[in-house]
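Enquirer: One file: data_19.tsv (TSV, C-alpha atoms and all ligand atoms).
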```tsv
chain	number	residue	atom	x	y	z
F	1	MET	CA	12.49	-29.93	-10.84
F	2	THR	CA	10.98	-26.47	-11.07
F	3	THR	CA	12.99	-23.36	-11.84
F	4	ALA	CA	10.13	-20.96	-11.15
F	5	LEU	CA	10.62	-18.38	-8.42
F	6	LEU	CA	7.02	-18.89	-7.31
F	7	GLU	CA	4.79	-21.80	-8.14
F	8	VAL	CA	1.20	-21.48	-6.98
F	9	ASP	CA	-0.77	-24.70	-7.24
F	10	ASN	CA	-4.52	-25.03	-6.77
F	11	LEU	CA	-4.69	-22.23	-4.18
F	12	SER	CA	-8.10	-21.64	-2.59
F	13	ILE	CA	-8.80	-18.98	0.02
F	14	GLY	CA	-12.11	-18.49	1.82
F	15	TYR	CA	-13.60	-15.79	4.04
F	16	ARG	CA	-15.84	-16.74	6.89
F	17	THR	CA	-18.96	-14.57	6.73
F	18	ALA	CA	-22.33	-14.53	8.49
F	19	THR	CA	-23.75	-16.69	5.70
F	20	GLY	CA	-20.90	-19.22	5.53
F	21	ILE	CA	-17.55	-19.53	3.78
F	22	ASN	CA	-17.13	-17.33	0.72
F	23	LEU	CA	-14.50	-18.89	-1.52
F	24	ALA	CA	-12.81	-15.72	-2.81
F	25	VAL	CA	-9.97	-17.61	-4.54
F	26	ASP	CA	-10.89	-20.93	-6.06
F	27	GLY	CA	-8.19	-23.37	-7.19
F	28	VAL	CA	-5.79	-20.85	-8.73
F	29	SER	CA	-2.47	-22.04	-10.25
F	30	PHE	CA	0.28	-19.97	-11.85
F	31	GLN	CA	4.04	-19.50	-11.94
F	32	VAL	CA	6.27	-16.47	-11.72
F	33	GLU	CA	9.79	-16.71	-13.11
F	34	ARG	CA	12.77	-14.79	-11.76
F	35	GLY	CA	12.78	-11.57	-13.77
F	36	GLY	CA	9.31	-12.37	-15.12
F	37	SER	CA	6.11	-10.53	-14.41
F	38	LEU	CA	2.61	-11.91	-14.18
F	39	GLY	CA	-0.28	-9.50	-14.63
F	40	LEU	CA	-3.33	-10.67	-12.70
F	41	VAL	CA	-6.29	-8.95	-14.24
F	42	GLY	CA	-10.00	-9.17	-13.49
F	43	GLU	CA	-12.90	-7.09	-12.27
F	44	SER	CA	-13.42	-5.73	-8.79
F	45	GLY	CA	-13.97	-8.44	-6.20
F	46	CYS	CA	-12.60	-11.32	-8.27
F	47	GLY	CA	-9.98	-12.18	-5.65
F	48	LYS	CA	-6.77	-10.46	-6.84
F	49	THR	CA	-5.87	-8.76	-3.56
F	50	THR	CA	-6.81	-11.90	-1.64
F	51	ILE	CA	-4.18	-13.84	-3.61
F	52	GLY	CA	-1.54	-11.19	-2.84
F	53	MET	CA	-2.41	-11.06	0.84
F	54	GLY	CA	-2.52	-14.85	0.99
F	55	LEU	CA	1.00	-15.11	-0.44
F	56	MET	CA	2.21	-12.53	2.08
F	57	ARG	CA	0.29	-14.37	4.79
F	58	LEU	CA	-1.38	-11.12	5.75
F	59	LEU	CA	-4.96	-12.24	5.31
F	60	ALA	CA	-7.79	-10.84	7.43
F	61	SER	CA	-8.53	-12.81	10.57
F	62	ASN	CA	-11.71	-14.29	9.07
F	63	ALA	CA	-9.81	-15.63	6.05
F	64	ARG	CA	-8.28	-19.06	5.66
F	65	ILE	CA	-6.16	-20.77	3.05
F	66	VAL	CA	-8.46	-23.68	2.30
F	67	SER	CA	-6.19	-25.70	0.03
F	68	GLY	CA	-3.25	-25.61	-2.34
F	69	GLN	CA	0.35	-24.61	-2.04
F	70	ALA	CA	2.61	-21.74	-3.04
F	71	LEU	CA	6.23	-22.78	-3.44
F	72	PHE	CA	8.51	-19.78	-3.18
F	73	GLU	CA	12.21	-20.54	-3.61
F	74	GLY	CA	11.33	-24.08	-2.57
F	75	GLU	CA	9.33	-23.23	0.57
F	76	ASP	CA	5.56	-23.56	0.79
F	77	LEU	CA	4.24	-20.16	1.87
F	78	THR	CA	0.93	-21.70	2.92
F	79	THR	CA	2.54	-23.85	5.60
F	80	VAL	CA	5.82	-22.22	6.74
F	81	SER	CA	5.79	-21.08	10.37
F	82	GLU	CA	4.91	-17.48	11.18
F	83	LYS	CA	8.48	-17.07	12.46
F	84	ARG	CA	9.89	-18.13	9.10
F	85	MET	CA	7.31	-15.99	7.31
F	86	ARG	CA	8.58	-12.93	9.18
F	87	GLN	CA	12.01	-13.61	7.68
F	88	ILE	CA	10.57	-13.97	4.18
F	89	ARG	CA	8.07	-11.09	4.26
F	90	TRP	CA	9.55	-7.78	3.02
F	91	ARG	CA	13.07	-9.24	2.68
F	92	ARG	CA	12.27	-11.90	0.07
F	93	ILE	CA	8.71	-10.97	-0.95
F	94	SER	CA	7.32	-7.50	-0.63
F	95	MET	CA	4.04	-5.93	-1.56
F	96	ILE	CA	2.89	-2.53	-2.71
F	97	PHE	CA	-0.57	-2.34	-1.18
F	98	GLN	CA	-3.60	-1.07	-3.01
F	99	ALA	CA	-4.03	2.70	-2.37
F	100	ALA	CA	-0.83	2.73	-0.31
F	101	MET	CA	0.39	6.17	-1.30
F	102	ASN	CA	-1.73	7.76	1.41
F	103	ALA	CA	-0.26	5.47	4.03
F	104	LEU	CA	3.05	7.34	4.48
F	105	ASN	CA	3.41	8.79	7.93
F	106	PRO	CA	2.81	12.57	7.59
F	107	VAL	CA	4.99	13.55	10.56
F	108	HIS	CA	8.22	11.86	9.46
F	109	ARG	CA	10.58	12.79	6.69
F	110	VAL	CA	10.50	10.41	3.74
F	111	GLU	CA	14.20	9.68	4.29
F	112	ASP	CA	13.51	8.42	7.82
F	113	GLN	CA	10.61	6.24	6.71
F	114	ILE	CA	12.74	4.55	4.06
F	115	ALA	CA	15.61	4.14	6.54
F	116	GLU	CA	13.22	2.54	9.03
F	117	ALA	CA	11.99	0.09	6.39
F	118	ILE	CA	15.61	-0.92	5.69
F	119	MET	CA	16.76	-1.09	9.32
F	120	THR	CA	13.76	-3.08	10.52
F	121	HIS	CA	14.83	-5.93	8.31
F	122	GLU	CA	18.58	-5.37	8.24
F	123	PRO	CA	19.41	-4.03	11.71
F	124	ASP	CA	23.15	-4.63	11.28
F	125	LEU	CA	23.58	-2.16	8.43
F	126	SER	CA	25.60	0.96	9.27
F	127	ASN	CA	23.94	4.38	9.05
F	128	HIS	CA	26.15	5.12	6.09
F	129	ALA	CA	25.04	1.99	4.25
F	130	VAL	CA	21.37	2.77	4.99
F	131	ALA	CA	21.77	6.32	3.64
F	132	HIS	CA	23.48	4.97	0.55
F	133	ARG	CA	20.70	2.40	-0.03
F	134	SER	CA	18.03	5.13	0.37
F	135	LYS	CA	19.76	7.30	-2.21
F	136	SER	CA	20.03	4.52	-4.75
F	137	LEU	CA	16.36	3.59	-4.22
F	138	PHE	CA	15.37	7.20	-4.93
F	139	ASP	CA	17.55	7.07	-7.99
F	140	LEU	CA	15.81	3.89	-9.15
F	141	VAL	CA	12.32	5.39	-8.83
F	142	LYS	CA	13.54	8.65	-10.36
F	143	ILE	CA	13.08	11.08	-7.48
F	144	PRO	CA	15.89	13.61	-7.00
F	145	GLU	CA	18.03	12.79	-3.99
F	146	SER	CA	17.52	16.34	-2.74
F	147	ARG	CA	13.88	15.45	-1.95
F	148	LEU	CA	14.81	12.75	0.57
F	149	ARG	CA	14.50	15.16	3.48
F	150	ASP	CA	11.00	16.31	2.50
F	151	TYR	CA	7.79	15.31	4.25
F	152	PRO	CA	5.11	13.30	2.39
F	153	HIS	CA	2.78	16.31	2.03
F	154	GLN	CA	5.48	18.06	0.00
F	155	PHE	CA	5.23	15.31	-2.62
F	156	SER	CA	2.71	14.88	-5.40
F	157	GLY	CA	0.59	11.71	-5.44
F	158	GLY	CA	2.82	10.20	-8.11
F	159	MET	CA	5.94	10.90	-6.07
F	160	ARG	CA	4.39	9.43	-2.93
F	161	GLN	CA	3.57	6.30	-4.89
F	162	ARG	CA	7.20	6.12	-6.02
F	163	VAL	CA	8.30	6.40	-2.41
F	164	ILE	CA	6.04	3.45	-1.62
F	165	ILE	CA	7.66	1.50	-4.45
F	166	ALA	CA	11.10	2.45	-3.13
F	167	MET	CA	10.11	1.19	0.32
F	168	ALA	CA	8.88	-2.09	-1.14
F	169	LEU	CA	12.29	-2.48	-2.80
F	170	ALA	CA	14.23	-1.46	0.30
F	171	CYS	CA	15.34	-4.98	1.24
F	172	ASN	CA	16.13	-6.27	-2.26
F	173	PRO	CA	13.24	-8.75	-2.45
F	174	SER	CA	13.23	-11.36	-5.17
F	175	LEU	CA	9.45	-11.15	-5.61
F	176	ILE	CA	7.27	-8.09	-5.47
F	177	ILE	CA	3.48	-8.03	-5.45
F	178	ALA	CA	2.21	-4.73	-6.81
F	179	ASP	CA	-1.51	-4.33	-6.11
F	180	GLU	CA	-3.00	-1.67	-8.39
F	181	PRO	CA	0.09	0.53	-7.97
F	182	THR	CA	-1.02	3.16	-10.47
F	183	THR	CA	-4.81	3.18	-10.26
F	184	ALA	CA	-5.19	6.47	-8.43
F	185	LEU	CA	-2.83	8.36	-10.74
F	186	ASP	CA	-3.36	10.31	-13.95
F	187	VAL	CA	-2.22	8.75	-17.21
F	188	ILE	CA	1.06	10.67	-17.51
F	189	VAL	CA	2.16	9.87	-13.96
F	190	GLN	CA	0.90	6.32	-14.39
F	191	ASN	CA	3.21	5.93	-17.39
F	192	GLN	CA	6.14	7.31	-15.42
F	193	ILE	CA	5.50	4.87	-12.57
F	194	LEU	CA	5.10	1.95	-14.98
F	195	GLY	CA	8.42	3.01	-16.52
F	196	ALA	CA	10.04	3.02	-13.07
F	197	ILE	CA	8.61	-0.43	-12.35
F	198	GLY	CA	9.98	-1.73	-15.66
F	199	THR	CA	13.41	-0.32	-14.77
F	200	PHE	CA	13.71	-1.87	-11.33
F	201	GLN	CA	12.43	-5.18	-12.58
F	202	LYS	CA	15.16	-5.32	-15.19
F	203	GLU	CA	17.91	-3.91	-13.01
F	204	MET	CA	17.14	-6.13	-10.03
F	205	ASN	CA	15.99	-9.21	-12.00
F	206	ILE	CA	13.02	-9.31	-9.70
F	207	GLY	CA	9.86	-11.43	-10.14
F	208	MET	CA	6.60	-9.54	-10.02
F	209	ILE	CA	2.89	-10.13	-9.65
F	210	PHE	CA	1.21	-7.02	-10.98
F	211	ILE	CA	-2.44	-6.80	-9.97
F	212	SER	CA	-4.81	-4.60	-11.93
F	213	HIS	CA	-8.36	-4.41	-13.23
F	214	ASP	CA	-6.95	-2.72	-16.33
F	215	LEU	CA	-5.72	-5.03	-19.08
F	216	ALA	CA	-4.07	-2.12	-20.91
F	217	VAL	CA	-1.81	-1.44	-17.94
F	218	VAL	CA	-0.97	-5.10	-17.45
F	219	ALA	CA	-0.22	-5.42	-21.16
F	220	ASP	CA	2.30	-2.60	-20.80
F	221	VAL	CA	4.45	-4.12	-18.08
F	222	CYS	CA	3.97	-7.89	-17.88
F	223	THR	CA	5.54	-10.89	-19.57
F	224	HIS	CA	2.56	-13.12	-18.66
F	225	ILE	CA	-1.13	-12.44	-18.15
F	226	GLY	CA	-3.56	-14.30	-15.91
F	227	VAL	CA	-7.24	-13.43	-16.32
F	228	MET	CA	-9.43	-13.94	-13.27
F	229	HIS	CA	-13.15	-14.09	-12.86
F	230	ALA	CA	-15.11	-14.72	-9.66
F	231	GLY	CA	-12.18	-16.26	-7.81
F	232	SER	CA	-10.99	-18.45	-10.66
F	233	LEU	CA	-8.21	-18.04	-13.14
F	234	VAL	CA	-9.85	-18.55	-16.54
F	235	GLU	CA	-6.90	-17.87	-18.86
F	236	TYR	CA	-3.14	-17.76	-18.48
F	237	GLY	CA	-0.38	-17.27	-21.00
F	238	LEU	CA	2.39	-15.19	-22.45
F	239	ARG	CA	1.30	-11.58	-22.80
F	240	GLN	CA	1.21	-11.59	-26.61
F	241	GLU	CA	-0.66	-14.89	-26.83
F	242	VAL	CA	-3.40	-13.68	-24.51
F	243	LEU	CA	-3.68	-10.34	-26.32
F	244	ASP	CA	-3.52	-11.76	-29.86
F	245	CYS	CA	-5.51	-14.98	-29.40
F	246	PRO	CA	-7.69	-14.64	-26.30
F	247	GLY	CA	-9.29	-18.04	-25.77
F	248	HIS	CA	-11.90	-17.25	-23.14
F	249	PRO	CA	-15.04	-15.19	-23.86
F	250	TYR	CA	-14.30	-13.01	-20.83
F	251	THR	CA	-10.74	-12.34	-22.01
F	252	ARG	CA	-12.08	-11.58	-25.48
F	253	MET	CA	-14.35	-9.01	-23.93
F	254	LEU	CA	-11.42	-7.40	-22.09
F	255	VAL	CA	-9.22	-7.44	-25.19
F	256	GLY	CA	-12.11	-6.14	-27.32
F	257	SER	CA	-12.41	-3.14	-25.07
F	258	LEU	CA	-8.75	-2.20	-25.67
F	259	LEU	CA	-9.20	0.29	-28.48
F	260	THR	CA	-6.37	2.12	-30.13
F	261	LEU	CA	-6.77	5.19	-32.30
F	262	SER	CA	-6.31	3.13	-35.46
F	263	ASP	CA	-8.82	0.44	-34.50
F	264	GLU	CA	-12.36	0.05	-35.68
F	265	PRO	CA	-14.60	0.06	-32.62
F	266	ALA	CA	-14.87	-3.50	-31.31
F	267	ASP	CA	-18.18	-5.29	-31.70
F	268	LEU	CA	-19.15	-5.87	-28.10
F	269	ALA	CA	-22.77	-6.68	-28.85
F	270	GLY	CA	-23.94	-9.61	-26.79
F	271	LEU	CA	-21.02	-9.40	-24.40
F	272	VAL	CA	-22.38	-8.26	-21.08
F	273	CYS	CA	-19.72	-7.64	-18.49
F	274	PRO	CA	-20.04	-10.53	-16.04
F	275	THR	CA	-20.17	-9.64	-12.39
F	276	VAL	CA	-19.07	-11.50	-9.35
F	277	ASP	CA	-22.44	-10.93	-7.70
F	278	ASN	CA	-23.95	-13.58	-9.94
F	279	GLY	CA	-22.15	-16.07	-7.75
F	280	PRO	CA	-21.68	-18.79	-10.38
F	281	ALA	CA	-18.58	-20.01	-8.59
F	282	MET	CA	-20.86	-21.17	-5.82
F	283	SER	CA	-23.14	-22.98	-8.25
F	284	GLY	CA	-20.17	-25.08	-9.32
F	285	GLY	CA	-20.35	-24.11	-12.98
F	286	CYS	CA	-18.12	-21.91	-15.11
F	287	PRO	CA	-17.67	-18.60	-13.27
F	288	VAL	CA	-18.66	-16.64	-16.37
F	289	GLN	CA	-21.61	-18.79	-17.44
F	290	THR	CA	-24.49	-16.44	-16.60
F	291	ASN	CA	-23.30	-13.69	-18.87
F	292	CYS	CA	-21.34	-15.58	-21.49
F	293	PRO	CA	-22.74	-15.44	-25.02
F	294	ASN	CA	-21.35	-18.92	-25.71
F	295	ALA	CA	-22.69	-20.64	-22.59
F	296	THR	CA	-24.44	-23.95	-23.02
F	297	ALA	CA	-25.93	-26.42	-20.57
F	298	ALA	CA	-22.50	-28.00	-20.22
F	299	CYS	CA	-21.19	-24.77	-18.69
F	300	LEU	CA	-23.58	-25.18	-15.76
F	301	ARG	CA	-22.12	-28.57	-14.89
F	302	GLY	CA	-18.82	-27.93	-13.16
F	303	GLN	CA	-15.88	-25.82	-14.26
F	304	ALA	CA	-14.07	-26.66	-17.47
F	305	ASP	CA	-10.71	-28.35	-17.29
F	306	TRP	CA	-7.74	-26.41	-18.55
F	307	VAL	CA	-7.31	-26.61	-22.32
F	308	ALA	CA	-3.79	-25.99	-23.65
F	309	LEU	CA	-3.84	-23.60	-26.60
F	310	SER	CA	-0.04	-23.74	-26.79
F	311	ARG	CA	2.79	-24.86	-24.54
F	312	THR	CA	2.54	-21.55	-22.69
F	313	HIS	CA	-1.11	-20.59	-23.12
F	314	ARG	CA	-4.08	-22.26	-21.44
F	315	VAL	CA	-7.73	-21.49	-21.04
F	316	ARG	CA	-10.51	-22.82	-18.87
F	317	CYS	CA	-13.54	-22.94	-21.14
F	318	LYS	CA	-15.60	-25.89	-22.35
F	319	HIS	CA	-15.86	-24.22	-25.74
F	320	ALA	CA	-12.18	-23.38	-26.14
F	321	GLY	CA	-11.06	-23.82	-29.71
F	322	GLU	CA	-14.60	-23.61	-31.10
F	323	GLN	CA	-14.43	-19.89	-31.76
F	324	SER	CA	-11.77	-17.96	-33.62
Z	401	LIG	N1	-12.29	-9.47	5.16
Z	401	LIG	C1	-13.21	-9.97	4.31
Z	401	LIG	N2	-14.29	-10.64	4.75
Z	401	LIG	C2	-15.18	-11.18	3.90
Z	401	LIG	N3	-15.08	-11.12	2.57
Z	401	LIG	C3	-14.03	-10.45	2.06
Z	401	LIG	C4	-13.04	-9.84	2.88
Z	401	LIG	N4	-12.09	-9.27	2.10
Z	401	LIG	C5	-12.49	-9.50	0.82
Z	401	LIG	N5	-13.64	-10.20	0.79
Z	401	LIG	C6	-14.37	-10.66	-0.40
Z	401	LIG	O1	-13.52	-11.47	-1.17
Z	401	LIG	C7	-13.72	-11.23	-2.56
Z	401	LIG	C8	-12.40	-10.88	-3.21
Z	401	LIG	O2	-11.96	-9.62	-2.71
Z	401	LIG	P1	-10.59	-8.97	-3.18
Z	401	LIG	O3	-10.34	-7.77	-2.35
Z	401	LIG	O4	-9.54	-10.02	-3.19
Z	401	LIG	O5	-10.95	-8.56	-4.68
Z	401	LIG	P2	-10.09	-7.73	-5.74
Z	401	LIG	O6	-10.08	-8.53	-7.00
Z	401	LIG	O7	-8.79	-7.33	-5.17
Z	401	LIG	O8	-11.04	-6.45	-5.97
Z	401	LIG	P3	-10.63	-4.90	-6.29
Z	401	LIG	O9	-10.26	-4.87	-7.75
Z	401	LIG	O10	-11.89	-4.15	-6.01
Z	401	LIG	O11	-9.50	-4.52	-5.40
Z	401	LIG	C9	-14.80	-10.15	-2.66
Z	401	LIG	O12	-16.03	-10.79	-2.88
Z	401	LIG	C10	-14.75	-9.50	-1.30
Z	401	LIG	O13	-16.00	-8.99	-0.96
Z	402	MG	MG	-7.95	-5.47	-4.69
```
Can the structure from this file be put into structure tokens for me?
Ligand SMILES: Nc1ncnc2c1ncn2[C@@H]1O[C@H](COP(=O)(O)OP(=O)(O)OP(=O)(O)O)[C@@H](O)[C@H]1O
Ligand SMILES: [Mg+2]

Expert:
Amino acid sequence: MTTALLEVDNLSIGYRTATGINLAVDGVSFQVERGGSLGLVGESGCGKTTIGMGLMRLLASNARIVSGQALFEGEDLTTVSEKRMRQIRWRRISMIFQAAMNALNPVHRVEDQIAEAIMTHEPDLSNHAVAHRSKSLFDLVKIPESRLRDYPHQFSGGMRQRVIIAMALACNPSLIIADEPTTALDVIVQNQILGAIGTFQKEMNIGMIFISHDLAVVADVCTHIGVMHAGSLVEYGLRQEVLDCPGHPYTRMLVGSLLTLSDEPADLAGLVCPTVDNGPAMSGGCPVQTNCPNATAACLRGQADWVALSRTHRVRCKHAGEQS
């Protein structure tokens, strides 16, 4: 019996387009533990947001969950009724949307917007309890209580993003999906927000899926890392395993680009950043094949099976284990 908070198994999601079904998420499997955090990392268009929206069941009208399941606290999110999903969404699973900080309503005080988020899902709470919850949420994301009565335009971008985080936490969810929550922010503010995220995760023992194209950011906050390419997960493991012993050529490229001041520049010769536009997922081969320096004819013939590099670290590459 599983103890994971969320267990995603072989999830595929497609978009209907003029030219047919585009499989944006292709057979993705991962787990998120209570109090654990999975960083989903991969380049633009690889399907990260689609996974988040699929789990929230907020996909665009032309999207469809093609196969797989997503067991959350024992319930399959891909098949529960919309009525049940409305009880789960925001109360049990919430999401910080990509570029959400500009989505606050400019004509309402921040305090009222947070209160509305709480009362929509917990209508029986007294005004006093709502005010108390708002204050403690502000405390958690490190905004002075005195700013609660301000309007969004009186906040900096970083503060607005913290308000969005506070709103996502308003109903004490057990899983939060944070989609690029710091991308639009400068490095200092980004660090403050990541610090705030680390705090609430510990204090609330919350599970988190942290979506980013930036491995450095994911490495800062997550216990596990999942590397995606062209709709597929190609590597998954504990943070340190993936950073120290990346098993997939694409992950090695991402890790190689993480320079610190004390590092020698990484030798990236021969590693061309693969792009989704190459469409290898549709050809049925390895999603990275066209730009992988290690690709052989075998890589054109269907995706590799998962290879276990350790009990907690797996990679999807036909040449796993061949390279150091
Ligand atoms: N409504 C839609 N209709 C058709 N295709 C879509 C739709 N939304 C997304 N896609 C396609 O699905 C794929 C995955 O998109 P998604 O937004 O999940 O990527 P992402 O990894 O979140 O990218 P980014 O890092 O840029 O946010 C892309 O090829 C995208 O063009
Ligand atoms: Mg996205």

Enquirer: Per residue of chain F within 7 Å of ligand LIG 401 (chain Z), note the shortest atom pair and the distance in Å to one decimal, counting all atoms listed in the file, and order the rows by chain and increasing residue number, as a tab-separated table.

Expert:
```
residue	atom	partner	partner_atom	distance
F:Tyr15	CA	Z:LIG401	C2	4.9
F:Arg16	CA	Z:LIG401	C2	6.3
F:Thr17	CA	Z:LIG401	C2	5.8
F:Asn22	CA	Z:LIG401	N3	6.8
F:Ala24	CA	Z:LIG401	C7	4.6
F:Gly42	CA	Z:LIG401	O6	6.5
F:Glu43	CA	Z:LIG401	O9	5.7
F:Ser44	CA	Z:LIG401	O9	3.4
F:Gly45	CA	Z:LIG401	O5	3.4
F:Cys46	CA	Z:LIG401	O6	4.0
F:Gly47	CA	Z:LIG401	O4	3.3
F:Lys48	CA	Z:LIG401	O6	3.8
F:Thr49	CA	Z:LIG401	O7	3.6
F:Thr50	CA	Z:LIG401	O4	3.7
F:Ile51	CA	Z:LIG401	O4	6.6
F:Ala60	CA	Z:LIG401	N1	5.2
F:Asn62	CA	Z:LIG401	N2	6.2
F:Ala63	CA	Z:LIG401	N1	6.7
F:Ser212	CA	Z:LIG401	O9	6.9
F:His213	CA	Z:LIG401	O9	5.8
```

Enquirer: Neighbouring residues of region 301-316 of chain F were defined as those with any atom within 10 Å, considering only C-alpha atoms; residues of the same chain fewer than 2 positions away were excluded. Please report them as a compact mmCIF listing (two decimals) with C-alpha atoms, in the frame of the given file.

Expert:
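Now in part_15.txt:
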```txt
# COMPACT_ATOMS: atom_id res chain seq x y z
CA HIS F 224 2.56 -13.12 -18.66
CA ILE F 225 -1.13 -12.44 -18.15
CA GLY F 226 -3.56 -14.30 -15.91
CA VAL F 227 -7.24 -13.43 -16.32
CA SER F 232 -10.99 -18.45 -10.66
CA LEU F 233 -8.21 -18.04 -13.14
CA VAL F 234 -9.85 -18.55 -16.54
CA GLU F 235 -6.90 -17.87 -18.86
CA TYR F 236 -3.14 -17.76 -18.48
CA GLY F 237 -0.38 -17.27 -21.00
CA LEU F 238 2.39 -15.19 -22.45
CA ARG F 239 1.30 -11.58 -22.80
CA GLN F 240 1.21 -11.59 -26.61
CA GLU F 241 -0.66 -14.89 -26.83
CA VAL F 242 -3.40 -13.68 -24.51
CA CYS F 245 -5.51 -14.98 -29.40
CA PRO F 246 -7.69 -14.64 -26.30
CA GLY F 247 -9.29 -18.04 -25.77
CA HIS F 248 -11.90 -17.25 -23.14
CA THR F 251 -10.74 -12.34 -22.01
CA PRO F 280 -21.68 -18.79 -10.38
CA ALA F 281 -18.58 -20.01 -8.59
CA SER F 283 -23.14 -22.98 -8.25
CA GLY F 284 -20.17 -25.08 -9.32
CA GLY F 285 -20.35 -24.11 -12.98
CA CYS F 286 -18.12 -21.91 -15.11
CA PRO F 287 -17.67 -18.60 -13.27
CA VAL F 288 -18.66 -16.64 -16.37
CA GLN F 289 -21.61 -18.79 -17.44
CA THR F 296 -24.44 -23.95 -23.02
CA ALA F 297 -25.93 -26.42 -20.57
CA ALA F 298 -22.50 -28.00 -20.22
CA CYS F 299 -21.19 -24.77 -18.69
CA LYS F 318 -15.60 -25.89 -22.35
CA HIS F 319 -15.86 -24.22 -25.74
CA ALA F 320 -12.18 -23.38 -26.14
CA GLY F 321 -11.06 -23.82 -29.71
```

Enquirer: Just checking: using all atoms listed in the file, which residue out of F:Cys292, F:Ala70, F:Met85, F:Met53 ends up closest to ligand MG 402 (chain Z)?

Expert: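 Ranked by minimum distance to ligand MG 402 (chain Z), first place goes to F:Met53.
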
Enquirer: Quick one: distance from CA of Gln201 (chain F) to CA of Leu169 (chain F) in Å, one decimal?

Expert: 10.1 Å

Enquirer: Tell me which of F:Ala115, F:Ile211, F:His121, F:Val187 sits closest to Ala166 (chain F), counting all atoms listed in the file.

Expert: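 Using all atoms listed in the file, Ala166 (chain F) sits closest to F:Ala115.
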
Enquirer: Distance CA of Gly68 (chain F)-CA of Val8 (chain F), one decimal place?

Expert: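 We find that CA of Gly68 (chain F) and CA of Val8 (chain F) lie 7.6 Å from each other.
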
Enquirer: Please determine, counting all atoms listed in the file, which residue among F:Pro181, F:Gly35, F:Pro144, F:Pro152 has the shortest atom-to-atom distance to ligand MG 402 (chain Z).

Expert: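 Residue with the minimum atom-to-atom distance to ligand MG 402 (chain Z): F:Pro181.
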
Enquirer: Nearest residue to ligand MG 402 (chain Z) out of F:Thr120, F:Thr183, F:Asn291, F:Gln161, using all atoms listed in the file?

Expert: F:Thr183

Enquirer: Please provide the set of residues having any atom within 12 Å of Lys202 (chain F), restricted to only C-alpha atoms, with same-chain residues fewer than 4 positions apart removed, written as a PyMOL selection string.

Expert: chain F and resi 34-37+140+174+195-198+206-208+221-223

Enquirer: Just the number, please: distance in Å from CA of Gln69 (chain F) to CA of Leu11 (chain F), one decimal.

Expert: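 Computing the Euclidean distance for CA of Gln69 (chain F) and CA of Leu11 (chain F) yields 6.0 Å.
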
Enquirer: Dump as an mmCIF file with C-alpha atoms, keeping the file's coordinate frame all residues having an atom at most 6 Å from (0.2, -10.9, -10.3), computed in the file's coordinates with only C-alpha atoms.

Expert:
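Result saved to selection-v7.cif:
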```cif
data_model
loop_
_atom_site.group_PDB
_atom_site.id
_atom_site.type_symbol
_atom_site.label_atom_id
_atom_site.label_comp_id
_atom_site.auth_asym_id
_atom_site.auth_seq_id
_atom_site.Cartn_x
_atom_site.Cartn_y
_atom_site.Cartn_z
ATOM 1 C CA LEU F 38 2.610 -11.910 -14.180
ATOM 2 C CA GLY F 39 -0.280 -9.500 -14.630
ATOM 3 C CA LEU F 40 -3.330 -10.670 -12.700
ATOM 4 C CA ILE F 209 2.890 -10.130 -9.650
ATOM 5 C CA PHE F 210 1.210 -7.020 -10.980
ATOM 6 C CA ILE F 211 -2.440 -6.800 -9.970
#
```

Enquirer: Could you list, as a PDB file with C-alpha atoms, in the coordinates of the input, every residue within 9 Å of Asp220 (chain F), counting all atoms listed in the file and ignoring same-chain residues fewer than 4 positions away?

Expert:
```pdb
ATOM      1  CA  LEU F 194       5.100   1.950 -14.980  1.00  0.00           C
ATOM      2  CA  LEU F 215      -5.720  -5.030 -19.080  1.00  0.00           C
ATOM      3  CA  ALA F 216      -4.070  -2.120 -20.910  1.00  0.00           C
TER       4      ALA F 216
END
```
